[in-house]
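Engineer: The file below is target_15.cif, mmCIF, C-alpha atoms and all ligand atoms:
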data_entry
#
loop_
_atom_site.group_PDB
_atom_site.id
_atom_site.type_symbol
_atom_site.label_atom_id
_atom_site.label_comp_id
_atom_site.auth_asym_id
_atom_site.auth_seq_id
_atom_site.Cartn_x
_atom_site.Cartn_y
_atom_site.Cartn_z
ATOM 1 C CA MET G 16 62.950 43.600 25.686
ATOM 2 C CA ILE G 17 61.461 41.270 23.074
ATOM 3 C CA ILE G 18 57.975 39.826 23.497
ATOM 4 C CA LEU G 19 57.813 36.154 22.540
ATOM 5 C CA ASP G 20 54.527 36.407 20.664
ATOM 6 C CA GLY G 21 52.811 33.041 20.960
ATOM 7 C CA LYS G 22 49.679 34.233 19.231
ATOM 8 C CA LYS G 23 51.468 35.230 16.036
ATOM 9 C CA THR G 24 53.863 32.274 16.118
ATOM 10 C CA SER G 25 51.021 29.794 16.666
ATOM 11 C CA ASN G 26 49.129 31.317 13.731
ATOM 12 C CA ASP G 27 52.242 30.891 11.556
ATOM 13 C CA ILE G 28 52.444 27.227 12.639
ATOM 14 C CA LYS G 29 48.745 26.662 11.961
ATOM 15 C CA GLU G 30 49.221 28.080 8.455
ATOM 16 C CA GLU G 31 52.205 25.772 7.890
ATOM 17 C CA ILE G 32 50.091 22.815 9.080
ATOM 18 C CA ALA G 33 47.218 23.826 6.770
ATOM 19 C CA ILE G 34 49.623 23.757 3.805
ATOM 20 C CA GLU G 35 50.867 20.279 4.779
ATOM 21 C CA VAL G 36 47.296 19.036 5.210
ATOM 22 C CA ALA G 37 46.409 20.331 1.728
ATOM 23 C CA GLU G 38 49.461 18.488 0.335
ATOM 24 C CA LEU G 39 48.391 15.256 2.074
ATOM 25 C CA LEU G 40 44.892 15.543 0.626
ATOM 26 C CA SER G 41 46.127 16.260 -2.875
ATOM 27 C CA SER G 42 48.330 13.151 -2.723
ATOM 28 C CA GLY G 43 45.224 11.090 -1.974
ATOM 29 C CA LYS G 44 45.748 10.746 1.789
ATOM 30 C CA LYS G 45 43.002 11.349 4.313
ATOM 31 C CA ARG G 46 42.553 14.386 6.536
ATOM 32 C CA PRO G 47 44.389 14.034 9.909
ATOM 33 C CA HIS G 48 41.857 13.388 12.663
ATOM 34 C CA LEU G 49 42.097 14.268 16.361
ATOM 35 C CA ALA G 50 39.710 12.866 18.979
ATOM 36 C CA ALA G 51 39.373 14.690 22.300
ATOM 37 C CA ILE G 52 37.670 13.270 25.374
ATOM 38 C CA LEU G 53 36.267 15.729 27.904
ATOM 39 C CA VAL G 54 34.873 14.527 31.227
ATOM 40 C CA GLY G 55 32.582 16.784 33.274
ATOM 41 C CA ASN G 56 31.925 20.512 33.069
ATOM 42 C CA ASP G 57 35.072 22.155 34.417
ATOM 43 C CA GLY G 58 35.059 25.648 32.895
ATOM 44 C CA ALA G 59 38.790 25.835 32.170
ATOM 45 C CA SER G 60 38.921 22.346 30.621
ATOM 46 C CA GLU G 61 35.890 23.158 28.486
ATOM 47 C CA THR G 62 37.558 26.372 27.257
ATOM 48 C CA TYR G 63 40.797 24.528 26.406
ATOM 49 C CA VAL G 64 39.077 21.676 24.573
ATOM 50 C CA ASN G 65 36.852 24.055 22.604
ATOM 51 C CA ALA G 66 39.954 26.031 21.603
ATOM 52 C CA LYS G 67 41.616 22.790 20.451
ATOM 53 C CA VAL G 68 38.601 21.811 18.340
ATOM 54 C CA LYS G 69 38.418 25.295 16.808
ATOM 55 C CA ALA G 70 42.141 25.267 16.020
ATOM 56 C CA CYS G 71 41.727 21.897 14.250
ATOM 57 C CA GLU G 72 39.101 23.463 12.009
ATOM 58 C CA LYS G 73 41.367 26.428 11.249
ATOM 59 C CA ALA G 74 44.291 24.210 10.268
ATOM 60 C CA GLY G 75 42.147 21.812 8.223
ATOM 61 C CA LEU G 76 42.228 18.879 10.635
ATOM 62 C CA GLN G 77 39.174 16.781 11.429
ATOM 63 C CA SER G 78 38.200 16.634 15.100
ATOM 64 C CA THR G 79 35.785 14.609 17.178
ATOM 65 C CA LEU G 80 34.825 15.669 20.683
ATOM 66 C CA VAL G 81 33.567 12.904 22.969
ATOM 67 C CA ARG G 82 31.950 14.129 26.178
ATOM 68 C CA PHE G 83 31.171 12.249 29.366
ATOM 69 C CA GLU G 84 29.426 13.299 32.543
ATOM 70 C CA ASP G 85 31.447 13.812 35.694
ATOM 71 C CA LYS G 86 30.180 10.541 37.152
ATOM 72 C CA VAL G 87 31.295 8.341 34.231
ATOM 73 C CA SER G 88 32.921 5.130 35.488
ATOM 74 C CA GLU G 89 36.573 4.368 34.840
ATOM 75 C CA GLU G 90 35.527 1.241 32.889
ATOM 76 C CA GLU G 91 33.266 3.257 30.605
ATOM 77 C CA LEU G 92 36.025 5.769 29.919
ATOM 78 C CA LEU G 93 38.605 3.048 29.273
ATOM 79 C CA ALA G 94 36.162 1.339 26.886
ATOM 80 C CA ALA G 95 35.748 4.587 24.906
ATOM 81 C CA ILE G 96 39.529 4.972 24.715
ATOM 82 C CA GLU G 97 39.889 1.394 23.487
ATOM 83 C CA GLN G 98 37.304 2.025 20.788
ATOM 84 C CA ILE G 99 39.262 5.076 19.581
ATOM 85 C CA ASN G 100 42.547 3.135 19.817
ATOM 86 C CA GLN G 101 41.069 0.596 17.383
ATOM 87 C CA ASP G 102 39.500 3.178 15.048
ATOM 88 C CA VAL G 103 41.842 3.503 12.060
ATOM 89 C CA SER G 104 40.158 6.737 10.963
ATOM 90 C CA ILE G 105 41.460 8.524 14.110
ATOM 91 C CA ASP G 106 45.141 9.504 14.234
ATOM 92 C CA GLY G 107 45.459 11.173 17.634
ATOM 93 C CA LEU G 108 43.632 11.001 20.971
ATOM 94 C CA ILE G 109 43.769 13.286 23.983
ATOM 95 C CA VAL G 110 41.918 12.995 27.270
ATOM 96 C CA GLN G 111 41.677 16.441 28.821
ATOM 97 C CA LEU G 112 43.105 16.551 32.362
ATOM 98 C CA PRO G 113 42.357 16.796 35.220
ATOM 99 C CA LEU G 114 39.904 13.923 35.546
ATOM 100 C CA PRO G 115 37.426 13.420 38.413
ATOM 101 C CA LYS G 116 39.020 11.935 41.548
ATOM 102 C CA HIS G 117 37.424 8.483 41.161
ATOM 103 C CA ILE G 118 39.308 7.956 37.871
ATOM 104 C CA ASP G 119 42.954 6.894 37.872
ATOM 105 C CA GLU G 120 44.667 9.397 35.541
ATOM 106 C CA MET G 121 47.756 7.264 35.034
ATOM 107 C CA LYS G 122 45.653 4.234 34.119
ATOM 108 C CA VAL G 123 43.833 6.362 31.556
ATOM 109 C CA THR G 124 47.083 7.790 30.164
ATOM 110 C CA GLU G 125 48.590 4.313 29.865
ATOM 111 C CA SER G 126 45.502 2.993 28.055
ATOM 112 C CA ILE G 127 46.030 5.319 25.078
ATOM 113 C CA PHE G 128 48.029 3.697 22.251
ATOM 114 C CA PRO G 129 51.450 5.408 22.330
ATOM 115 C CA GLU G 130 51.215 5.973 18.543
ATOM 116 C CA LYS G 131 47.977 7.942 19.077
ATOM 117 C CA ASP G 132 49.184 9.737 22.243
ATOM 118 C CA VAL G 133 49.557 13.193 20.686
ATOM 119 C CA ASP G 134 49.745 14.755 24.175
ATOM 120 C CA GLY G 135 53.002 12.825 24.658
ATOM 121 C CA PHE G 136 51.988 11.801 28.197
ATOM 122 C CA HIS G 137 52.283 7.988 27.850
ATOM 123 C CA PRO G 138 55.211 6.599 29.891
ATOM 124 C CA SER G 139 56.710 5.051 26.766
ATOM 125 C CA ASN G 140 56.650 8.426 24.975
ATOM 126 C CA ILE G 141 58.094 10.199 28.035
ATOM 127 C CA GLY G 142 60.845 7.547 28.022
ATOM 128 C CA LYS G 143 61.577 8.149 24.333
ATOM 129 C CA MET G 144 61.684 11.917 24.917
ATOM 130 C CA THR G 145 64.170 11.404 27.758
ATOM 131 C CA LEU G 146 66.362 9.216 25.532
ATOM 132 C CA ASN G 147 66.178 11.758 22.699
ATOM 133 C CA LEU G 148 64.346 9.316 20.421
ATOM 134 C CA PRO G 149 61.695 10.513 17.940
ATOM 135 C CA THR G 150 58.301 10.777 19.668
ATOM 136 C CA PHE G 151 55.436 13.156 20.433
ATOM 137 C CA LEU G 152 56.711 15.851 22.793
ATOM 138 C CA PRO G 153 54.169 17.086 25.382
ATOM 139 C CA ALA G 154 52.479 20.074 23.752
ATOM 140 C CA THR G 155 53.267 22.845 26.247
ATOM 141 C CA PRO G 156 57.012 22.073 26.560
ATOM 142 C CA ALA G 157 57.142 21.579 22.773
ATOM 143 C CA GLY G 158 55.492 24.987 22.307
ATOM 144 C CA ILE G 159 58.122 26.607 24.531
ATOM 145 C CA ILE G 160 60.941 24.903 22.585
ATOM 146 C CA GLU G 161 59.364 26.156 19.348
ATOM 147 C CA LEU G 162 59.196 29.748 20.651
ATOM 148 C CA LEU G 163 62.862 29.607 21.738
ATOM 149 C CA THR G 164 63.767 28.240 18.286
ATOM 150 C CA ARG G 165 61.810 30.750 16.230
ATOM 151 C CA TYR G 166 63.098 33.722 18.257
ATOM 152 C CA ASN G 167 66.697 32.394 18.191
ATOM 153 C CA VAL G 168 67.030 32.481 21.970
ATOM 154 C CA GLU G 169 70.493 31.151 22.850
ATOM 155 C CA THR G 170 70.186 28.251 25.324
ATOM 156 C CA SER G 171 73.494 26.381 25.090
ATOM 157 C CA GLY G 172 75.470 26.587 28.340
ATOM 158 C CA LYS G 173 72.808 28.756 29.993
ATOM 159 C CA HIS G 174 71.304 28.204 33.419
ATOM 160 C CA CYS G 175 67.640 27.294 33.001
ATOM 161 C CA VAL G 176 65.506 27.363 36.142
ATOM 162 C CA VAL G 177 62.108 25.675 36.005
ATOM 163 C CA ILE G 178 59.537 26.392 38.718
ATOM 164 C CA GLY G 179 57.049 23.530 39.091
ATOM 165 C CA ARG G 180 57.513 19.778 38.531
ATOM 166 C CA SER G 181 54.165 18.753 37.019
ATOM 167 C CA HIS G 182 54.096 15.756 34.669
ATOM 168 C CA ILE G 183 52.590 17.979 31.962
ATOM 169 C CA VAL G 184 55.000 20.941 31.993
ATOM 170 C CA GLY G 185 57.774 21.319 34.587
ATOM 171 C CA SER G 186 59.200 17.824 34.575
ATOM 172 C CA PRO G 187 59.331 17.304 30.757
ATOM 173 C CA MET G 188 60.531 20.915 30.319
ATOM 174 C CA SER G 189 63.509 20.287 32.580
ATOM 175 C CA ILE G 190 64.394 17.148 30.582
ATOM 176 C CA LEU G 191 64.116 18.936 27.214
ATOM 177 C CA MET G 192 66.251 21.895 28.271
ATOM 178 C CA ALA G 193 69.017 19.573 29.526
ATOM 179 C CA ARG G 194 69.144 17.407 26.354
ATOM 180 C CA ASN G 195 72.057 17.568 23.957
ATOM 181 C CA CYS G 196 69.883 19.441 21.432
ATOM 182 C CA ASP G 197 69.288 22.929 20.150
ATOM 183 C CA PRO G 198 67.387 24.425 21.971
ATOM 184 C CA GLY G 199 68.783 22.576 24.980
ATOM 185 C CA ASN G 200 72.262 22.056 26.408
ATOM 186 C CA CYS G 201 71.263 24.071 29.484
ATOM 187 C CA THR G 202 72.343 23.499 33.040
ATOM 188 C CA VAL G 203 68.905 22.926 34.533
ATOM 189 C CA THR G 204 67.599 23.477 38.051
ATOM 190 C CA LEU G 205 64.106 22.066 38.650
ATOM 191 C CA THR G 206 62.509 23.804 41.627
ATOM 192 C CA HIS G 207 59.265 22.950 43.430
ATOM 193 C CA SER G 208 57.212 23.491 46.586
ATOM 194 C CA ARG G 209 59.959 22.068 48.855
ATOM 195 C CA THR G 210 62.772 24.116 47.330
ATOM 196 C CA GLN G 211 64.634 26.304 49.807
ATOM 197 C CA ASN G 212 65.874 29.823 48.978
ATOM 198 C CA LEU G 213 63.973 29.884 45.692
ATOM 199 C CA LYS G 214 64.762 33.552 45.078
ATOM 200 C CA ALA G 215 68.519 32.915 45.347
ATOM 201 C CA ILE G 216 68.136 30.295 42.608
ATOM 202 C CA THR G 217 65.803 32.215 40.276
ATOM 203 C CA LYS G 218 68.121 35.231 40.450
ATOM 204 C CA THR G 219 70.818 33.149 38.746
ATOM 205 C CA ALA G 220 68.536 32.023 35.897
ATOM 206 C CA ASP G 221 69.370 32.979 32.308
ATOM 207 C CA ILE G 222 66.124 31.302 31.292
ATOM 208 C CA LEU G 223 63.276 31.116 33.830
ATOM 209 C CA ILE G 224 60.314 28.859 33.057
ATOM 210 C CA VAL G 225 57.447 29.378 35.491
ATOM 211 C CA ALA G 226 54.722 26.735 35.742
ATOM 212 C CA LEU G 227 53.393 26.560 39.289
ATOM 213 C CA GLY G 228 49.891 28.003 38.848
ATOM 214 C CA LYS G 229 50.078 30.964 41.265
ATOM 215 C CA ALA G 230 49.070 34.324 39.804
ATOM 216 C CA GLU G 231 51.921 36.869 39.636
ATOM 217 C CA PHE G 232 54.194 34.736 41.832
ATOM 218 C CA VAL G 233 57.441 35.910 40.190
ATOM 219 C CA ASN G 234 58.327 39.583 40.696
ATOM 220 C CA ALA G 235 61.214 41.793 39.546
ATOM 221 C CA ASP G 236 63.150 41.039 42.720
ATOM 222 C CA MET G 237 63.406 37.361 41.766
ATOM 223 C CA VAL G 238 65.080 37.783 38.354
ATOM 224 C CA LYS G 239 68.353 39.149 37.003
ATOM 225 C CA GLU G 240 68.841 41.653 34.181
ATOM 226 C CA GLY G 241 68.725 40.105 30.711
ATOM 227 C CA VAL G 242 66.713 37.034 31.686
ATOM 228 C CA CYS G 243 64.405 35.180 29.296
ATOM 229 C CA VAL G 244 61.121 34.590 31.146
ATOM 230 C CA ILE G 245 58.630 31.962 29.983
ATOM 231 C CA ASP G 246 55.289 32.192 31.806
ATOM 232 C CA VAL G 247 53.150 29.054 31.612
ATOM 233 C CA GLY G 248 50.615 30.123 34.251
ATOM 234 C CA ILE G 249 47.090 31.157 33.479
ATOM 235 C CA SER G 250 44.771 32.123 36.348
ATOM 236 C CA ARG G 251 41.355 33.692 35.980
ATOM 237 C CA VAL G 252 40.915 36.429 38.592
ATOM 238 C CA LYS G 253 38.087 38.882 39.258
ATOM 239 C CA SER G 254 38.520 42.346 37.777
ATOM 240 C CA ASP G 255 36.343 45.464 37.804
ATOM 241 C CA LYS G 256 38.286 46.808 34.801
ATOM 242 C CA THR G 257 37.018 44.311 32.198
ATOM 243 C CA LYS G 258 33.559 43.893 30.688
ATOM 244 C CA SER G 259 33.463 40.191 31.592
ATOM 245 C CA GLY G 260 34.405 40.888 35.232
ATOM 246 C CA TRP G 261 37.444 38.563 34.844
ATOM 247 C CA LYS G 262 41.008 38.863 33.669
ATOM 248 C CA LEU G 263 43.754 36.346 32.947
ATOM 249 C CA LEU G 264 47.011 36.518 34.876
ATOM 250 C CA GLY G 265 50.207 34.571 34.437
ATOM 251 C CA ASP G 266 52.546 33.231 37.125
ATOM 252 C CA VAL G 267 54.773 36.267 36.467
ATOM 253 C CA ALA G 268 53.957 39.887 37.408
ATOM 254 C CA PHE G 269 54.493 41.000 33.809
ATOM 255 C CA ASP G 270 54.577 44.793 34.289
ATOM 256 C CA ASP G 271 56.955 44.519 37.235
ATOM 257 C CA VAL G 272 59.351 42.075 35.552
ATOM 258 C CA LYS G 273 59.337 43.040 31.860
ATOM 259 C CA ASP G 274 61.953 45.825 31.960
ATOM 260 C CA LYS G 275 64.588 43.435 33.333
ATOM 261 C CA CYS G 276 63.973 40.885 30.575
ATOM 262 C CA ALA G 277 65.715 40.241 27.277
ATOM 263 C CA TYR G 278 62.676 38.128 26.327
ATOM 264 C CA ILE G 279 59.307 37.505 27.977
ATOM 265 C CA THR G 280 56.068 35.710 27.073
ATOM 266 C CA PRO G 281 52.818 37.592 27.725
ATOM 267 C CA VAL G 282 49.665 36.107 29.286
ATOM 268 C CA PRO G 283 47.430 35.691 27.413
ATOM 269 C CA GLY G 284 49.035 35.301 23.985
ATOM 270 C CA GLY G 285 52.283 33.561 24.975
ATOM 271 C CA VAL G 286 52.616 29.881 25.795
ATOM 272 C CA GLY G 287 48.852 29.074 25.704
ATOM 273 C CA PRO G 288 48.308 29.347 21.931
ATOM 274 C CA MET G 289 51.611 27.535 21.307
ATOM 275 C CA THR G 290 50.344 24.498 23.253
ATOM 276 C CA ILE G 291 47.411 24.141 20.886
ATOM 277 C CA ALA G 292 49.538 24.626 17.755
ATOM 278 C CA MET G 293 51.917 21.864 18.901
ATOM 279 C CA LEU G 294 49.021 19.502 19.571
ATOM 280 C CA LEU G 295 47.963 19.981 15.934
ATOM 281 C CA LYS G 296 51.546 19.434 14.804
ATOM 282 C CA ASN G 297 51.668 16.156 16.761
ATOM 283 C CA THR G 298 48.368 15.065 15.185
ATOM 284 C CA LEU G 299 49.743 15.787 11.716
ATOM 285 C CA LEU G 300 52.872 13.806 12.633
ATOM 286 C CA ALA G 301 50.708 10.891 13.840
ATOM 287 C CA ALA G 302 48.789 10.881 10.537
ATOM 288 C CA LYS G 303 51.942 11.112 8.438
ATOM 289 C CA SER G 304 53.761 8.376 10.320
ATOM 290 C CA LYS G 305 50.915 5.941 9.490
ATOM 291 C CA SER G 306 51.042 6.488 5.753
HETATM 292 N N1 LIG M 1 45.297 19.837 31.021
HETATM 293 C C1 LIG M 1 46.137 20.901 31.086
HETATM 294 N N2 LIG M 1 47.003 20.889 30.032
HETATM 295 C C2 LIG M 1 46.697 19.790 29.297
HETATM 296 C C3 LIG M 1 47.227 19.247 28.095
HETATM 297 O O1 LIG M 1 48.180 19.753 27.482
HETATM 298 N N3 LIG M 1 46.627 18.097 27.656
HETATM 299 C C4 LIG M 1 45.603 17.494 28.319
HETATM 300 N N4 LIG M 1 45.096 16.368 27.819
HETATM 301 N N5 LIG M 1 45.088 17.995 29.446
HETATM 302 C C5 LIG M 1 45.638 19.128 29.925
#
What does this structure look like when you write it as structure tokens?
Ligand code: GUN
Structural biologist:
Amino acid sequence: MIILDGKKTSNDIKEEIAIEVAELLSSGKKRPHLAAILVGNDGASETYVNAKVKACEKAGLQSTLVRFEDKVSEEELLAAIEQINQDVSIDGLIVQLPLPKHIDEMKVTESIFPEKDVDGFHPSNIGKMTLNLPTFLPATPAGIIELLTRYNVETSGKHCVVIGRSHIVGSPMSILMARNCDPGNCTVTLTHSRTQNLKAITKTADILIVALGKAEFVNADMVKEGVCVIDVGISRVKSDKTKSGWKLLGDVAFDDVKDKCAYITPVPGGVGPMTIAMLLKNTLLAAKSKS
């Protein structure tokens, strides 16, 4: 069993980005600049955005964090996005999701200039991804593709089962794995809350990508020998064994499943750090494609 080490791989990528940033600067170009908008005080969102800002620093990117209170109006948020759209000093913009219920997430996503949409969530960028045209790939699916690439996991002709059809992970992941690309060329089954006989399907997976947000949902009984398991889940659960009183669990019962796997991502230290590294890579790409 091989652990797909997202922590190490993401550090390698951040070092590669830092070298490219240094090259840009020495050729007289400006430092790539990411703006992140965070609405409200959701603990998980705050942790993610802080990690993104810190990673920018580490890789030599400039970052600007714009914060709004929970009760910010949709108009106010859209106005801030428009200001960043027009700001030539900013290369990439993300709005951390989820947003409060009174704000239309799709309207917000569509208001970001596609050329600054380094999350790759804008419908025009999703369309380009689907058509295999150059674009920003959503960071979590892109991070998974990068892990499969760097660990030489064979995907061509394999059966890839994705659990979860979110716009951020499951849906784009299923599209990427089916593309005529390497990694890709899988026969893909996208499963979700209405899927019947899920276990019968997951048991046939050569590659199982789990992104439904339920701690330790996948157990050894649901997978076949030699599977490659990618765990996107991250749930914070109470624990009396840690100093903080909390521990992080994936959507896969790691200890139960690991001995049946050819490859598996741990939680934490698997897909999570890769997501951030790919966001930085997209920001670098946005900066380079302007110059
Ligand atoms: N919320 C959960 N994942 C993401 C992500 O990749 N980008 C943004 N903007 N929000 C998220």
Engineer: Hey, which residues sit close to ligand LIG 1 (chain M)? Say within 7 Å, counting all atoms listed in the file, and write them as a list in words.
Structural biologist: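 If we count all atoms listed in the file, the neighbours of ligand LIG 1 (chain M) turn out to be Ser60, Ile109, Val110, Gln111, Leu112, Pro113, Asp134, Pro153, Ala154, Thr155, Ile183 and Thr290 of chain G.
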Engineer: Please identify all polymer residues within 12 Å of Leu223 in chain G, counting all atoms listed in the file, omitting same-chain residues fewer than 3 positions from it, and present them as a PyMOL selection string.
Structural biologist: chain G and resi 159+170+173-179+185+188-189+192+201-206+213-214+216-220+226+233-234+237-247+266-267+272+276-280
Engineer: Which distance in Å separates CA of Ala66 in chain G and CA of Gly287 in chain G, to one decimal?
Structural biologist: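 The value is 10.3 Å.
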Engineer: Quick one: axis-aligned box around all listed atoms of range 96-111 of chain G, 6 Å on every side, centre and edge lengths in Å to one decimal, written as AutoDock Vina command-line options.
Structural biologist:
--center_x 41.4 --center_y 8.5 --center_z 19.9 --size_x 20.2 --size_y 27.8 --size_z 29.9
Engineer: Point out the residue among G:Val133, G:Thr62, G:Asp119, G:Ala50 with the least atom-to-atom distance to Leu299 in chain G, counting only C-alpha atoms.
Structural biologist: G:Val133
Engineer: How far is it from CA of Met293 in chain G to CA of Arg251 in chain G, in Å with one decimal?
Structural biologist: 23.3 Å
Engineer: In Å, rounded to a single decimal, give me how far CA of Leu114 in chain G is from CA of Lys22 in chain G.
Structural biologist: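 Straight-line distance from CA of Lys22 in chain G to CA of Leu114 in chain G works out to 27.8 Å.
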Engineer: Using the chain letters and numbers from the file, give me the residues hit by the PyMOL selection byres (((chain G and resi 53) around 12) and not hetatm), as a PyMOL selection string.
Structural biologist: chain G and resi 50-52+54-65+67-68+79-85+87+92+95-96+108-115
Engineer: Given the choices G:Pro283, G:Gly75, G:Pro288, G:Gly248, which gets closest to Leu162 in chain G if the distance is worked out from all atoms listed in the file?
Structural biologist: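 Ranking G:Pro283, G:Gly75, G:Pro288, G:Gly248 by distance to Leu162 in chain G, first place goes to G:Pro288.
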Engineer: Identify which of the residues G:Ile249, G:Ser126, G:His137, G:Gly172 lies closest to Ala94 in chain G, counting all atoms listed in the file when measuring atom-to-atom distances.
Structural biologist: G:Ser126
Engineer: If the PyMOL selection byres (((chain G and resi 31-34) around 12) and not hetatm) is run on the structure shown, which residues does it catch, given as JSON, numbers by chain?
Structural biologist: {"G": [24, 25, 26, 27, 28, 29, 30, 35, 36, 37, 38, 39, 40, 41, 46, 47, 70, 71, 72, 73, 74, 75, 76, 77, 292, 293, 294, 295, 296, 297, 298, 299, 300, 303]}
Engineer: So which one's closest to Thr164 in chain G, G:Gly260, G:Leu227, G:Cys196, G:Met144? Using only C-alpha atoms, please.
Structural biologist: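 Answer, going by the shortest atom-to-atom distance: G:Cys196.
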Engineer: Of the residues G:Ile127, G:Met121, G:Ala302, G:Ala235, which is the one nearest to Gln98 in chain G, using only C-alpha atoms?
Structural biologist: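 When distances to Gln98 in chain G are compared using only C-alpha atoms, the smallest one comes from G:Ile127.
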Engineer: Taking only C-alpha atoms into account, name the residue in G:Glu231, G:Ser254, G:Ser78, G:Thr145 that is nearest to Asp271 in chain G.
Structural biologist: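 Answer, going by the shortest atom-to-atom distance: G:Glu231.
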Engineer: Got a sec to resolve the PyMOL selection byres (((chain G and resi 103) around 12) and not hetatm) on this structure and send the residues as a PyMOL selection string?
Structural biologist: chain G and resi 45+47-50+97-102+104-108+128+130-131+301-302+305-306
Engineer: Save range 171-188 of chain G to a file: N, CA and C atoms, as a PDB file, in the first residue's frame.
Structural biologist:
ATOM      1  N   SER G 171      -6.020   4.919 -17.217  1.00  0.00           N
ATOM      2  CA  SER G 171      -6.624   4.618 -18.516  1.00  0.00           C
ATOM      3  C   SER G 171      -7.364   3.274 -18.503  1.00  0.00           C
ATOM      4  N   GLY G 172      -8.630   3.318 -18.889  1.00  0.00           N
ATOM      5  CA  GLY G 172      -9.436   2.090 -18.969  1.00  0.00           C
ATOM      6  C   GLY G 172      -9.964   1.608 -17.631  1.00  0.00           C
ATOM      7  N   LYS G 173      -9.618   2.322 -16.555  1.00  0.00           N
ATOM      8  CA  LYS G 173     -10.053   1.881 -15.214  1.00  0.00           C
ATOM      9  C   LYS G 173     -11.476   2.359 -14.915  1.00  0.00           C
ATOM     10  N   HIS G 174     -12.095   1.688 -13.951  1.00  0.00           N
ATOM     11  CA  HIS G 174     -13.414   2.128 -13.497  1.00  0.00           C
ATOM     12  C   HIS G 174     -13.224   3.065 -12.312  1.00  0.00           C
ATOM     13  N   CYS G 175     -13.600   4.327 -12.524  1.00  0.00           N
ATOM     14  CA  CYS G 175     -13.494   5.324 -11.445  1.00  0.00           C
ATOM     15  C   CYS G 175     -14.892   5.588 -10.897  1.00  0.00           C
ATOM     16  N   VAL G 176     -15.056   5.383  -9.604  1.00  0.00           N
ATOM     17  CA  VAL G 176     -16.343   5.672  -8.958  1.00  0.00           C
ATOM     18  C   VAL G 176     -16.157   6.907  -8.084  1.00  0.00           C
ATOM     19  N   VAL G 177     -17.034   7.885  -8.298  1.00  0.00           N
ATOM     20  CA  VAL G 177     -17.004   9.115  -7.502  1.00  0.00           C
ATOM     21  C   VAL G 177     -18.237   9.107  -6.612  1.00  0.00           C
ATOM     22  N   ILE G 178     -18.045   9.346  -5.316  1.00  0.00           N
ATOM     23  CA  ILE G 178     -19.197   9.465  -4.411  1.00  0.00           C
ATOM     24  C   ILE G 178     -19.376  10.948  -4.077  1.00  0.00           C
ATOM     25  N   GLY G 179     -20.520  11.498  -4.461  1.00  0.00           N
ATOM     26  CA  GLY G 179     -20.805  12.915  -4.209  1.00  0.00           C
ATOM     27  C   GLY G 179     -20.785  13.696  -5.515  1.00  0.00           C
ATOM     28  N   ARG G 180     -21.789  14.558  -5.722  1.00  0.00           N
ATOM     29  CA  ARG G 180     -21.893  15.289  -6.999  1.00  0.00           C
ATOM     30  C   ARG G 180     -21.858  16.800  -6.793  1.00  0.00           C
ATOM     31  N   SER G 181     -21.096  17.265  -5.799  1.00  0.00           N
ATOM     32  CA  SER G 181     -21.027  18.709  -5.551  1.00  0.00           C
ATOM     33  C   SER G 181     -20.412  19.421  -6.757  1.00  0.00           C
ATOM     34  N   HIS G 182     -20.746  20.723  -6.879  1.00  0.00           N
ATOM     35  CA  HIS G 182     -20.185  21.526  -7.973  1.00  0.00           C
ATOM     36  C   HIS G 182     -18.685  21.720  -7.793  1.00  0.00           C
ATOM     37  N   ILE G 183     -18.220  21.634  -6.538  1.00  0.00           N
ATOM     38  CA  ILE G 183     -16.817  21.942  -6.236  1.00  0.00           C
ATOM     39  C   ILE G 183     -15.917  20.727  -6.458  1.00  0.00           C
ATOM     40  N   VAL G 184     -16.402  19.535  -6.121  1.00  0.00           N
ATOM     41  CA  VAL G 184     -15.534  18.346  -6.210  1.00  0.00           C
ATOM     42  C   VAL G 184     -16.117  17.237  -7.107  1.00  0.00           C
ATOM     43  N   GLY G 185     -17.205  16.621  -6.674  1.00  0.00           N
ATOM     44  CA  GLY G 185     -17.666  15.385  -7.330  1.00  0.00           C
ATOM     45  C   GLY G 185     -17.961  15.554  -8.816  1.00  0.00           C
ATOM     46  N   SER G 186     -18.716  16.590  -9.139  1.00  0.00           N
ATOM     47  CA  SER G 186     -19.122  16.764 -10.528  1.00  0.00           C
ATOM     48  C   SER G 186     -17.907  17.056 -11.432  1.00  0.00           C
ATOM     49  N   PRO G 187     -17.062  18.075 -11.121  1.00  0.00           N
ATOM     50  CA  PRO G 187     -15.890  18.279 -11.987  1.00  0.00           C
ATOM     51  C   PRO G 187     -14.937  17.081 -11.999  1.00  0.00           C
ATOM     52  N   MET G 188     -14.832  16.380 -10.864  1.00  0.00           N
ATOM     53  CA  MET G 188     -13.929  15.214 -10.792  1.00  0.00           C
ATOM     54  C   MET G 188     -14.364  14.146 -11.789  1.00  0.00           C
TER      55      MET G 188
END
